[in-house]
file input.pdb (PDB, C-alpha atoms)
ATOM      1  CA  MET H   1       5.416 -11.424  -3.458
ATOM      2  CA  LYS H   2       6.844  -8.201  -2.047
ATOM      3  CA  LYS H   3       4.450  -5.975  -0.132
ATOM      4  CA  ILE H   4       3.182  -2.748  -1.659
ATOM      5  CA  ARG H   5       4.650  -0.227   0.781
ATOM      6  CA  LYS H   6       4.441   3.107  -1.042
ATOM      7  CA  ALA H   7       1.703   5.048  -2.753
ATOM      8  CA  VAL H   8       1.895   8.075  -5.024
ATOM      9  CA  ILE H   9      -0.890  10.667  -4.899
ATOM     10  CA  PRO H  10      -0.617  13.445  -7.520
ATOM     11  CA  VAL H  11      -2.056  16.733  -6.225
ATOM     12  CA  ALA H  12      -0.423  19.228  -8.581
ATOM     13  CA  GLY H  13      -3.383  19.867 -10.898
ATOM     14  CA  LEU H  14      -4.693  23.403 -11.361
ATOM     15  CA  GLY H  15      -8.362  22.523 -10.847
ATOM     16  CA  THR H  16      -9.581  24.718 -13.687
ATOM     17  CA  ARG H  17     -12.963  22.975 -13.790
ATOM     18  CA  PHE H  18     -13.721  24.395 -10.326
ATOM     19  CA  LEU H  19     -12.736  27.995 -10.897
ATOM     20  CA  PRO H  20     -13.180  30.431  -9.260
ATOM     21  CA  ALA H  21     -13.227  28.293  -6.080
ATOM     22  CA  THR H  22      -9.799  26.818  -6.881
ATOM     23  CA  LYS H  23      -8.175  30.180  -7.550
ATOM     24  CA  SER H  24      -6.857  30.191  -3.985
ATOM     25  CA  MET H  25      -7.834  26.717  -2.713
ATOM     26  CA  PRO H  26      -6.448  23.456  -4.136
ATOM     27  CA  LYS H  27      -9.198  21.318  -5.638
ATOM     28  CA  GLU H  28      -7.980  18.430  -3.472
ATOM     29  CA  MET H  29      -8.957  20.431  -0.380
ATOM     30  CA  LEU H  30     -12.577  20.946  -1.423
ATOM     31  CA  PRO H  31     -14.700  19.180   1.217
ATOM     32  CA  VAL H  32     -16.902  16.167   0.738
ATOM     33  CA  VAL H  33     -19.142  16.766   3.765
ATOM     34  CA  ASP H  34     -16.447  17.549   6.370
ATOM     35  CA  ARG H  35     -13.270  16.027   4.935
ATOM     36  CA  PRO H  36     -11.210  17.286   2.011
ATOM     37  CA  VAL H  37     -11.166  15.138  -1.107
ATOM     38  CA  VAL H  38      -7.509  14.165  -0.611
ATOM     39  CA  GLN H  39      -8.249  12.752   2.862
ATOM     40  CA  TYR H  40     -10.396  10.004   1.352
ATOM     41  CA  ALA H  41      -7.523   8.849  -0.870
ATOM     42  CA  VAL H  42      -5.111   8.834   2.079
ATOM     43  CA  ASP H  43      -7.540   6.835   4.230
ATOM     44  CA  GLU H  44      -8.002   4.347   1.404
ATOM     45  CA  ALA H  45      -4.233   3.960   0.993
ATOM     46  CA  PHE H  46      -3.601   3.264   4.681
ATOM     47  CA  GLU H  47      -6.558   0.846   4.758
ATOM     48  CA  ALA H  48      -4.807  -1.120   1.988
ATOM     49  CA  GLY H  49      -1.617  -1.425   4.067
ATOM     50  CA  ILE H  50       0.383   1.413   2.520
ATOM     51  CA  GLU H  51       3.178   2.623   4.800
ATOM     52  CA  HIS H  52       4.437   5.724   2.995
ATOM     53  CA  ILE H  53       2.612   8.226   0.773
ATOM     54  CA  VAL H  54       4.390  10.411  -1.767
ATOM     55  CA  PHE H  55       2.425  13.546  -2.655
ATOM     56  CA  VAL H  56       3.367  15.202  -5.940
ATOM     57  CA  THR H  57       2.475  18.855  -5.425
ATOM     58  CA  GLY H  58       2.680  22.098  -7.370
ATOM     59  CA  ARG H  59       2.506  25.821  -6.749
ATOM     60  CA  ASN H  60      -0.040  27.054  -4.199
ATOM     61  CA  LYS H  61      -0.434  23.538  -2.747
ATOM     62  CA  ALA H  62       1.398  24.109   0.546
ATOM     63  CA  VAL H  63      -1.948  23.985   2.367
ATOM     64  CA  ILE H  64      -2.080  20.230   1.630
ATOM     65  CA  GLU H  65       1.232  19.702   3.415
ATOM     66  CA  ASP H  66       0.014  21.847   6.324
ATOM     67  CA  TYR H  67      -3.205  19.835   6.512
ATOM     68  CA  PHE H  68      -1.259  16.624   7.187
ATOM     69  CA  ASP H  69       0.841  18.289   9.890
ATOM     70  CA  LEU H  70       0.219  19.062  13.553
ATOM     71  CA  HIS H  71      -1.717  22.230  14.355
ATOM     72  CA  PRO H  72      -0.755  23.038  17.991
ATOM     73  CA  GLU H  73      -2.997  26.119  18.272
ATOM     74  CA  LEU H  74      -6.073  24.249  17.075
ATOM     75  CA  ILE H  75      -5.317  21.252  19.287
ATOM     76  CA  GLY H  76      -4.879  23.537  22.291
ATOM     77  CA  THR H  77      -8.187  25.270  21.615
ATOM     78  CA  LEU H  78     -10.060  21.987  21.282
ATOM     79  CA  GLU H  79      -8.523  20.718  24.532
ATOM     80  CA  GLN H  80      -9.424  23.889  26.414
ATOM     81  CA  THR H  81     -13.015  23.877  25.160
ATOM     82  CA  GLY H  82     -13.497  20.177  25.861
ATOM     83  CA  LYS H  83     -14.253  19.223  22.250
ATOM     84  CA  LYS H  84     -12.977  15.691  22.629
ATOM     85  CA  THR H  85     -14.786  14.220  19.623
ATOM     86  CA  GLN H  86     -13.304  16.742  17.194
ATOM     87  CA  LEU H  87      -9.853  16.313  18.738
ATOM     88  CA  GLU H  88      -9.976  12.538  18.376
ATOM     89  CA  ALA H  89     -11.106  12.895  14.758
ATOM     90  CA  LEU H  90      -8.139  15.135  13.957
ATOM     91  CA  GLU H  91      -5.679  12.821  15.663
ATOM     92  CA  SER H  92      -7.033   9.755  13.855
ATOM     93  CA  MET H  93      -6.436  11.389  10.441
ATOM     94  CA  LEU H  94      -2.854  12.454  11.140
ATOM     95  CA  PRO H  95      -0.192  10.230   9.479
ATOM     96  CA  VAL H  96       2.585   8.995  11.724
ATOM     97  CA  ALA H  97       5.880  10.871  11.567
ATOM     98  CA  GLY H  98       7.863  10.053   8.433
ATOM     99  CA  ALA H  99       4.930   8.447   6.607
ATOM    100  CA  THR H 100       4.584  11.225   4.015
ATOM    101  CA  SER H 101       6.838  12.916   1.474
ATOM    102  CA  PHE H 102       6.125  15.929  -0.711
ATOM    103  CA  ILE H 103       7.670  16.319  -4.172
ATOM    104  CA  ARG H 104       7.241  19.392  -6.373
ATOM    105  CA  GLN H 105       6.177  19.162 -10.002
ATOM    106  CA  GLN H 106       7.469  22.481 -11.301
ATOM    107  CA  SER H 107       5.183  22.678 -14.332
ATOM    108  CA  PRO H 108       1.980  20.898 -15.341
ATOM    109  CA  GLN H 109       3.000  18.340 -17.976
ATOM    110  CA  GLY H 110       0.414  15.633 -17.434
ATOM    111  CA  LEU H 111      -0.256  12.722 -15.107
ATOM    112  CA  GLY H 112       2.638  10.710 -16.497
ATOM    113  CA  HIS H 113       5.088  13.483 -15.688
ATOM    114  CA  ALA H 114       3.642  13.861 -12.165
ATOM    115  CA  VAL H 115       4.183  10.148 -11.516
ATOM    116  CA  TRP H 116       7.714  10.353 -12.926
ATOM    117  CA  CYS H 117       8.511  13.130 -10.430
ATOM    118  CA  ALA H 118       8.081  10.589  -7.603
ATOM    119  CA  ARG H 119      10.742   8.219  -8.959
ATOM    120  CA  GLU H 120      13.519   8.970  -6.458
ATOM    121  CA  VAL H 121      11.334   8.637  -3.377
ATOM    122  CA  SER H 122       9.481   5.607  -4.679
ATOM    123  CA  GLY H 123      12.768   3.938  -5.569
ATOM    124  CA  ASN H 124      13.038   0.512  -7.148
ATOM    125  CA  GLU H 125       9.753  -0.692  -5.667
ATOM    126  CA  ARG H 126       6.374  -1.488  -7.099
ATOM    127  CA  PHE H 127       3.938   1.171  -5.884
ATOM    128  CA  ALA H 128       0.301   2.134  -5.699
ATOM    129  CA  LEU H 129      -1.059   5.164  -7.506
ATOM    130  CA  LEU H 130      -4.260   6.889  -6.390
ATOM    131  CA  LEU H 131      -5.869   9.757  -8.267
ATOM    132  CA  PRO H 132      -7.391  11.766  -5.396
ATOM    133  CA  GLY H 133     -10.213  13.211  -7.464
ATOM    134  CA  MET H 134     -11.747   9.738  -7.616
ATOM    135  CA  VAL H 135     -13.429   9.181  -4.248
ATOM    136  CA  CYS H 136     -14.313   5.650  -3.189
ATOM    137  CA  PHE H 137     -17.726   5.091  -1.596
ATOM    138  CA  GLY H 138     -19.364   2.111   0.048
ATOM    139  CA  GLY H 139     -17.820  -0.802   1.880
ATOM    140  CA  ARG H 140     -14.241  -1.852   1.357
ATOM    141  CA  GLY H 141     -11.744   0.458  -0.302
ATOM    142  CA  CYS H 142     -10.938  -0.007  -3.972
ATOM    143  CA  LEU H 143      -7.172  -0.037  -3.434
ATOM    144  CA  ALA H 144      -7.403  -2.867  -0.880
ATOM    145  CA  GLU H 145      -9.169  -5.021  -3.499
ATOM    146  CA  THR H 146      -6.568  -4.051  -6.097
ATOM    147  CA  VAL H 147      -3.698  -4.991  -3.775
ATOM    148  CA  GLU H 148      -5.297  -8.373  -3.117
ATOM    149  CA  LEU H 149      -5.385  -9.162  -6.826
ATOM    150  CA  TYR H 150      -1.759  -8.078  -7.146
ATOM    151  CA  GLU H 151      -0.822 -10.534  -4.394
ATOM    152  CA  ARG H 152      -2.329 -13.303  -6.537
ATOM    153  CA  THR H 153      -1.028 -12.245  -9.923
ATOM    154  CA  GLY H 154       2.003  -9.990  -9.578
ATOM    155  CA  GLY H 155       2.689  -7.755 -12.554
ATOM    156  CA  ASN H 156       0.706  -4.545 -12.853
ATOM    157  CA  VAL H 157      -2.895  -4.167 -11.698
ATOM    158  CA  ILE H 158      -5.457  -1.481 -12.491
ATOM    159  CA  ALA H 159      -8.880  -1.090 -10.917
ATOM    160  CA  VAL H 160     -11.798  -0.826 -13.331
ATOM    161  CA  GLU H 161     -15.530  -0.233 -13.383
ATOM    162  CA  ARG H 162     -18.204  -0.590 -16.031
ATOM    163  CA  CYS H 163     -19.573   2.373 -17.924
ATOM    164  CA  GLU H 164     -22.434   2.552 -20.376
ATOM    165  CA  PRO H 165     -21.229   1.158 -23.723
ATOM    166  CA  SER H 166     -22.232   4.434 -25.359
ATOM    167  CA  GLU H 167     -19.912   6.412 -23.047
ATOM    168  CA  THR H 168     -16.569   4.713 -23.702
ATOM    169  CA  ASN H 169     -15.334   7.894 -25.407
ATOM    170  CA  LYS H 170     -15.168   9.535 -21.956
ATOM    171  CA  TYR H 171     -12.720   7.082 -20.360
ATOM    172  CA  GLY H 172      -9.577   5.024 -20.626
ATOM    173  CA  ILE H 173     -10.920   1.594 -21.628
ATOM    174  CA  VAL H 174      -9.291  -1.819 -21.208
ATOM    175  CA  GLY H 175      -9.725  -5.017 -23.177
ATOM    176  CA  ARG H 176     -10.949  -8.021 -21.206
ATOM    177  CA  GLY H 177      -9.023 -11.278 -21.387
ATOM    178  CA  ALA H 178      -9.029 -14.486 -19.345
ATOM    179  CA  GLU H 179     -10.367 -14.366 -15.795
ATOM    180  CA  ILE H 180      -7.793 -14.746 -13.038
ATOM    181  CA  GLY H 181      -7.943 -14.394  -9.254
ATOM    182  CA  GLY H 182     -11.223 -12.483  -9.197
ATOM    183  CA  GLY H 183     -10.049 -10.145 -11.965
ATOM    184  CA  PHE H 184      -9.013 -10.581 -15.559
ATOM    185  CA  GLU H 185      -6.068 -10.154 -17.906
ATOM    186  CA  VAL H 186      -5.852  -6.844 -19.719
ATOM    187  CA  THR H 187      -5.499  -7.301 -23.463
ATOM    188  CA  ALA H 188      -5.603  -3.646 -24.504
ATOM    189  CA  MET H 189      -5.630  -0.105 -23.139
ATOM    190  CA  VAL H 190      -7.253   2.578 -25.270
ATOM    191  CA  GLU H 191      -7.789   6.210 -24.326
ATOM    192  CA  LYS H 192     -11.375   7.402 -24.972
ATOM    193  CA  PRO H 193     -12.292   5.091 -27.859
ATOM    194  CA  ALA H 194     -15.458   5.568 -29.863
ATOM    195  CA  PRO H 195     -18.141   3.054 -28.767
ATOM    196  CA  ALA H 196     -17.803   1.164 -32.049
ATOM    197  CA  ASN H 197     -14.050   0.691 -31.469
ATOM    198  CA  ALA H 198     -13.994   0.085 -27.701
ATOM    199  CA  PRO H 199     -12.554  -3.296 -26.644
ATOM    200  CA  SER H 200     -15.005  -3.432 -23.683
ATOM    201  CA  ASN H 201     -16.939  -1.092 -21.408
ATOM    202  CA  PHE H 202     -14.520  -1.448 -18.470
ATOM    203  CA  TYR H 203     -12.842   1.873 -17.681
ATOM    204  CA  ILE H 204      -9.807   2.658 -15.523
ATOM    205  CA  ASN H 205     -11.088   4.311 -12.333
ATOM    206  CA  GLY H 206      -7.951   5.874 -10.858
ATOM    207  CA  ARG H 207      -6.335   3.092  -8.795
ATOM    208  CA  TYR H 208      -3.172   1.332  -9.962
ATOM    209  CA  ILE H 209      -0.379  -1.000  -8.844
ATOM    210  CA  LEU H 210       2.635  -0.363 -11.081
ATOM    211  CA  GLN H 211       6.090  -1.865 -11.355
ATOM    212  CA  PRO H 212       9.076   0.523 -11.046
ATOM    213  CA  GLU H 213      10.036   0.020 -14.702
ATOM    214  CA  ILE H 214       7.281   2.498 -15.539
ATOM    215  CA  PHE H 215       9.565   5.349 -14.399
ATOM    216  CA  ALA H 216      12.162   4.709 -17.126
ATOM    217  CA  LEU H 217       9.422   4.641 -19.745
ATOM    218  CA  LEU H 218       7.893   7.874 -18.444
ATOM    219  CA  GLY H 219      11.339   9.483 -18.553
ATOM    220  CA  ASN H 220      11.470   9.187 -22.345
ATOM    221  CA  GLN H 221       7.747   9.101 -23.108
ATOM    222  CA  GLN H 222       6.713  11.225 -26.083
ATOM    223  CA  ARG H 223       4.004  13.772 -25.426
ATOM    224  CA  GLY H 224       0.526  12.559 -26.274
ATOM    225  CA  ALA H 225      -3.006  13.927 -25.942
ATOM    226  CA  GLY H 226      -3.109  17.558 -24.825
ATOM    227  CA  ASN H 227       0.643  17.812 -25.474
ATOM    228  CA  GLU H 228       1.169  16.112 -22.105
ATOM    229  CA  ILE H 229       3.064  13.036 -20.954
ATOM    230  CA  GLN H 230       0.296  10.467 -20.654
ATOM    231  CA  LEU H 231       0.499   7.635 -18.137
ATOM    232  CA  THR H 232      -1.644   5.373 -20.334
ATOM    233  CA  ASP H 233       0.856   5.661 -23.195
ATOM    234  CA  ALA H 234       3.661   4.475 -20.924
ATOM    235  CA  MET H 235       1.520   1.632 -19.565
ATOM    236  CA  VAL H 236       0.841   0.445 -23.106
ATOM    237  CA  ARG H 237       4.597   0.308 -23.707
ATOM    238  CA  LEU H 238       5.155  -1.514 -20.407
ATOM    239  CA  SER H 239       2.461  -4.068 -21.274
ATOM    240  CA  LYS H 240       4.660  -5.344 -24.099
ATOM    241  CA  ASP H 241       7.091  -6.712 -21.505
ATOM    242  CA  GLN H 242       4.975  -7.153 -18.361
ATOM    243  CA  PRO H 243       1.451  -8.450 -17.779
ATOM    244  CA  PHE H 244      -1.401  -6.186 -16.747
ATOM    245  CA  PHE H 245      -4.456  -7.339 -14.819
ATOM    246  CA  ALA H 246      -7.706  -5.592 -13.945
ATOM    247  CA  GLN H 247      -9.671  -5.670 -10.696
ATOM    248  CA  PRO H 248     -13.370  -4.810 -11.111
ATOM    249  CA  PHE H 249     -14.450  -2.580  -8.237
ATOM    250  CA  LEU H 250     -17.821  -3.542  -6.808
ATOM    251  CA  GLY H 251     -18.398  -0.315  -4.901
ATOM    252  CA  ARG H 252     -18.788   3.123  -6.431
ATOM    253  CA  MET H 253     -16.237   5.743  -7.361
ATOM    254  CA  PHE H 254     -17.275   9.389  -7.582
ATOM    255  CA  ASP H 255     -15.351  11.628  -9.957
ATOM    256  CA  CYS H 256     -14.917  14.675  -7.745
ATOM    257  CA  GLY H 257     -12.900  16.317 -10.490
ATOM    258  CA  SER H 258     -16.239  17.077 -12.142
ATOM    259  CA  LYS H 259     -18.900  19.309 -10.625
ATOM    260  CA  GLU H 260     -21.584  16.657 -11.051
ATOM    261  CA  GLY H 261     -19.486  13.966  -9.373
ATOM    262  CA  PHE H 262     -18.533  16.304  -6.547
ATOM    263  CA  ILE H 263     -22.172  17.102  -5.756
ATOM    264  CA  GLN H 264     -23.130  13.421  -6.020
ATOM    265  CA  ALA H 265     -20.353  12.464  -3.588
ATOM    266  CA  ASN H 266     -21.482  15.042  -1.034
ATOM    267  CA  ILE H 267     -25.063  13.775  -1.204
ATOM    268  CA  ALA H 268     -24.046  10.111  -0.986
ATOM    269  CA  PHE H 269     -21.710  10.605   1.976
ATOM    270  CA  ALA H 270     -24.232  12.818   3.768
ATOM    271  CA  LEU H 271     -26.996  10.222   3.350
ATOM    272  CA  ALA H 272     -24.644   7.556   4.728
ATOM    273  CA  ARG H 273     -24.266   9.434   8.034
ATOM    274  CA  ASP H 274     -26.780   8.945  10.835
ATOM    275  CA  ASP H 275     -26.430  12.557  11.953
ATOM    276  CA  MET H 276     -27.239  13.950   8.497
ATOM    277  CA  LYS H 277     -29.315  11.522   6.457
ATOM    278  CA  GLY H 278     -32.708  12.623   7.821
ATOM    279  CA  PRO H 279     -32.481  16.363   7.106
ATOM    280  CA  VAL H 280     -30.638  15.846   3.796
ATOM    281  CA  PHE H 281     -33.173  13.282   2.573
ATOM    282  CA  GLU H 282     -36.059  15.599   3.462
ATOM    283  CA  MET H 283     -34.388  18.478   1.632
ATOM    284  CA  LEU H 284     -33.882  16.336  -1.490
ATOM    285  CA  GLN H 285     -37.499  15.227  -1.421
ATOM    286  CA  GLU H 286     -38.649  18.839  -1.212
ATOM    287  CA  PHE H 287     -36.401  19.819  -4.127
ATOM    288  CA  VAL H 288     -37.841  16.986  -6.213
ATOM    289  CA  ARG H 289     -41.404  17.957  -5.359
ATOM    290  CA  SER H 290     -40.690  21.602  -6.145
ATOM    291  CA  HIS H 291     -39.119  20.648  -9.461
ATOM    292  CA  GLU H 292     -42.114  18.489 -10.368
ATOM    293  CA  ARG H 293     -44.495  21.359  -9.550
ATOM    294  CA  GLN H 294     -42.516  23.726 -11.735
ATOM    295  CA  GLU H 295     -42.611  21.254 -14.634
ATOM    296  CA  GLU H 296     -46.364  20.793 -14.263
ATOM    297  CA  ALA H 297     -46.882  24.551 -14.291
ATOM    298  CA  ALA H 298     -44.680  25.095 -17.334
TER     299      ALA H 298
END
call {"tool": "encode", "arguments": {"input": "input.pdb", "output": "structure tokens"}}
result
Amino acid sequence: MKKIRKAVIPVAGLGTRFLPATKSMPKEMLPVVDRPVVQYAVDEAFEAGIEHIVFVTGRNKAVIEDYFDLHPELIGTLEQTGKKTQLEALESMLPVAGATSFIRQQSPQGLGHAVWCAREVSGNERFALLLPGMVCFGGRGCLAETVELYERTGGNVIAVERCEPSETNKYGIVGRGAEIGGGFEVTAMVEKPAPANAPSNFYINGRYILQPEIFALLGNQQRGAGNEIQLTDAMVRLSKDQPFFAQPFLGRMFDCGSKEGFIQANIAFALARDDMKGPVFEMLQEFVRSHERQEEAA
């Protein structure tokens, strides 16, 4: 089984759900506590053994490339002021030279098109795909678990989580087949099915291992929902020739592409830090008490 060496992280989205904040700042650079959203995806990729990350960017996303580069002026200031802890934190997050590539998606045509843009750099290798808006929380990274299942099964692997059966119309849902290697065979992939038609309540949570044949399919994929090139449509076509497996993620994934998920992630990560959990917990308790008083007075 060949090692998964490369990962694709699409960061070309416009972030319209976070306007006006994303008018001048990429949504991937919005902070969860003190790290931008995209940093969590990069950390998760390197934890899983990824050696090279391909970022698919768009207009006004140069700040992401700058973020993963050296900043001599900042480093010099931190050294002069003796801020060793901050300096070590910056150095630990910096990828080694040559470990990142940046590809431009000239126009927003959907996730499938963004992945297709990475074809030349990814080459004829199976690769990981991480949607940076989905932030992994708690314990081991989701991609590491997904890679482990791939090493047992080969083929294509997608990470999944359970949703409420009544909410299947919000997600890409997979059908559950025979159990294998801690995961299960995927028997169907359906985009946002009505609860009555959903093959299960397992939804795709933004982590994938895909074979390189997906690029040829994306290259001639017809436009689907939203008049965009949909990755799920190409995966359905690929599943006719190659097996797909699903790895249930036992931790929690926050959808930081939504305002609710972004706030939840900030609270969860803050409460997980020794230097923040006390004051944040007290603040939340006071908010709850204040809300209860307002309801009683209404």
call {"tool": "closest_residue", "arguments": {"input": "input.pdb", "among": "H:Lys170, H:Lys84, H:Lys259, H:Lys27", "to": "Lys192 of chain H", "atoms": "only C-alpha atoms"}}
result
H:Lys170
call {"tool": "atom_distance", "arguments": {"input": "input.pdb", "atom1": "atom CA of Ile103 of chain H", "atom2": "atom CA of Tyr150 of chain H"}}
result
26.3 Å
call {"tool": "atom_distance", "arguments": {"input": "input.pdb", "atom1": "atom CA of Leu238 of chain H", "atom2": "atom CA of Glu213 of chain H"}}
result
7.7 Å
call {"tool": "resolve_selection", "arguments": {"input": "input.pdb", "expression": "the PyMOL selection byres ((chain H and resi 70) around 12)", "output": "list of chain:residue names"}}
result
H:Glu65, H:Asp66, H:Tyr67, H:Phe68, H:Asp69, H:His71, H:Pro72, H:Glu73, H:Leu74, H:Ile75, H:Gly76, H:Leu87, H:Leu90, H:Glu91, H:Ser92, H:Met93, H:Leu94, H:Pro95, H:Val96, H:Ala97
call {"tool": "write_last_selection", "arguments": {"input": "input.pdb", "atoms": "C-alpha atoms", "output": "compact mmCIF listing (two decimals), in the frame of the given file"}}
result
# COMPACT_ATOMS: atom_id res chain seq x y z
CA GLU H 65 1.23 19.70 3.42
CA ASP H 66 0.01 21.85 6.32
CA TYR H 67 -3.20 19.84 6.51
CA PHE H 68 -1.26 16.62 7.19
CA ASP H 69 0.84 18.29 9.89
CA HIS H 71 -1.72 22.23 14.36
CA PRO H 72 -0.76 23.04 17.99
CA GLU H 73 -3.00 26.12 18.27
CA LEU H 74 -6.07 24.25 17.08
CA ILE H 75 -5.32 21.25 19.29
CA GLY H 76 -4.88 23.54 22.29
CA LEU H 87 -9.85 16.31 18.74
CA LEU H 90 -8.14 15.14 13.96
CA GLU H 91 -5.68 12.82 15.66
CA SER H 92 -7.03 9.76 13.86
CA MET H 93 -6.44 11.39 10.44
CA LEU H 94 -2.85 12.45 11.14
CA PRO H 95 -0.19 10.23 9.48
CA VAL H 96 2.58 8.99 11.72
CA ALA H 97 5.88 10.87 11.57
call {"tool": "resolve_selection", "arguments": {"input": "input.pdb", "expression": "the PyMOL selection byres ((chain H and resi 215-225) around 10)", "output": "PyMOL selection string"}}
result
chain H and resi 109-110+112-120+122-124+191+210-214+226-235+237-238
call {"tool": "residues_around", "arguments": {"input": "input.pdb", "residues": "segment 2-5 of chain H", "least_positions_apart": "3", "cutoff": "9 Å", "atoms": "only C-alpha atoms", "output": "ChimeraX atom specification"}}
result
/H:48-53,125-128,147,151,209
call {"tool": "residues_around", "arguments": {"input": "input.pdb", "residues": "Arg17 of chain H", "least_positions_apart": "6", "cutoff": "12 Å", "atoms": "all atoms listed in the file", "output": "PyMOL selection string"}}
result
chain H and resi 23+26-27+133+256-262
call {"tool": "residues_around", "arguments": {"input": "input.pdb", "residues": "Gly251 of chain H", "least_positions_apart": "5", "cutoff": "7 Å", "atoms": "all atoms listed in the file", "output": "PyMOL selection string"}}
result
chain H and resi 137-139
call {"tool": "atom_distance", "arguments": {"input": "input.pdb", "atom1": "atom CA of Lys61 of chain H", "atom2": "atom CA of Arg35 of chain H"}}
result
16.7 Å
call {"tool": "closest_residue", "arguments": {"input": "input.pdb", "among": "H:Cys142, H:Leu78, H:Arg273, H:Gly155", "to": "Asp241 of chain H", "atoms": "all atoms listed in the file"}}
result
H:Gly155
call {"tool": "closest_residue", "arguments": {"input": "input.pdb", "among": "H:Arg252, H:Ala12, H:Phe18, H:Ala272", "to": "Arg140 of chain H", "atoms": "only C-alpha atoms"}}
result
H:Arg252
call {"tool": "closest_residue", "arguments": {"input": "input.pdb", "among": "H:Met25, H:Val38, H:Val33, H:Ala159", "to": "Leu250 of chain H", "atoms": "only C-alpha atoms"}}
result
H:Ala159
call {"tool": "closest_residue", "arguments": {"input": "input.pdb", "among": "H:Pro20, H:Pro132, H:Gly82, H:Pro108", "to": "Ala7 of chain H", "atoms": "only C-alpha atoms"}}
result
H:Pro132
call {"tool": "axis_aligned_box", "arguments": {"input": "input.pdb", "around": "segment 162-179 of chain H", "padding_each_side": "6 Å", "output": "JSON"}}
result
{"center_x": -15.7, "center_y": -2.5, "center_z": -20.6, "size_x": 25.4, "size_y": 36.0, "size_z": 21.6}
call {"tool": "build_atoms", "arguments": {"input": "input.pdb", "residues": "segment 86-99 of chain H", "atoms": "N, CA and C atoms", "output": "tab-separated table (two decimals), in the frame of the given file"}}
result
chain	number	residue	atom	x	y	z
H	86	GLN	N	-14.02	16.12	18.30
H	86	GLN	CA	-13.30	16.74	17.19
H	86	GLN	C	-11.80	16.50	17.30
H	87	LEU	N	-11.28	16.53	18.54
H	87	LEU	CA	-9.85	16.31	18.74
H	87	LEU	C	-9.46	14.89	18.34
H	88	GLU	N	-10.27	13.92	18.74
H	88	GLU	CA	-9.98	12.54	18.38
H	88	GLU	C	-10.05	12.33	16.87
H	89	ALA	N	-10.99	13.01	16.22
H	89	ALA	CA	-11.11	12.90	14.76
H	89	ALA	C	-9.86	13.44	14.07
H	90	LEU	N	-9.35	14.57	14.53
H	90	LEU	CA	-8.14	15.14	13.96
H	90	LEU	C	-6.94	14.21	14.16
H	91	GLU	N	-6.82	13.69	15.36
H	91	GLU	CA	-5.68	12.82	15.66
H	91	GLU	C	-5.71	11.53	14.85
H	92	SER	N	-6.92	11.01	14.60
H	92	SER	CA	-7.03	9.76	13.86
H	92	SER	C	-6.65	9.92	12.39
H	93	MET	N	-6.74	11.15	11.86
H	93	MET	CA	-6.44	11.39	10.44
H	93	MET	C	-4.98	11.78	10.21
H	94	LEU	N	-4.22	11.98	11.27
H	94	LEU	CA	-2.85	12.45	11.14
H	94	LEU	C	-1.90	11.29	10.86
H	95	PRO	N	-1.16	11.31	9.73
H	95	PRO	CA	-0.19	10.23	9.48
H	95	PRO	C	0.91	10.24	10.53
H	96	VAL	N	1.48	9.07	10.77
H	96	VAL	CA	2.58	8.99	11.72
H	96	VAL	C	3.79	9.72	11.15
H	97	ALA	N	4.70	10.12	12.00
H	97	ALA	CA	5.88	10.87	11.57
H	97	ALA	C	6.67	10.06	10.54
H	98	GLY	N	7.06	10.71	9.46
H	98	GLY	CA	7.86	10.05	8.43
H	98	GLY	C	7.08	9.25	7.42
H	99	ALA	N	5.75	9.26	7.52
H	99	ALA	CA	4.93	8.45	6.61
H	99	ALA	C	4.52	9.19	5.34
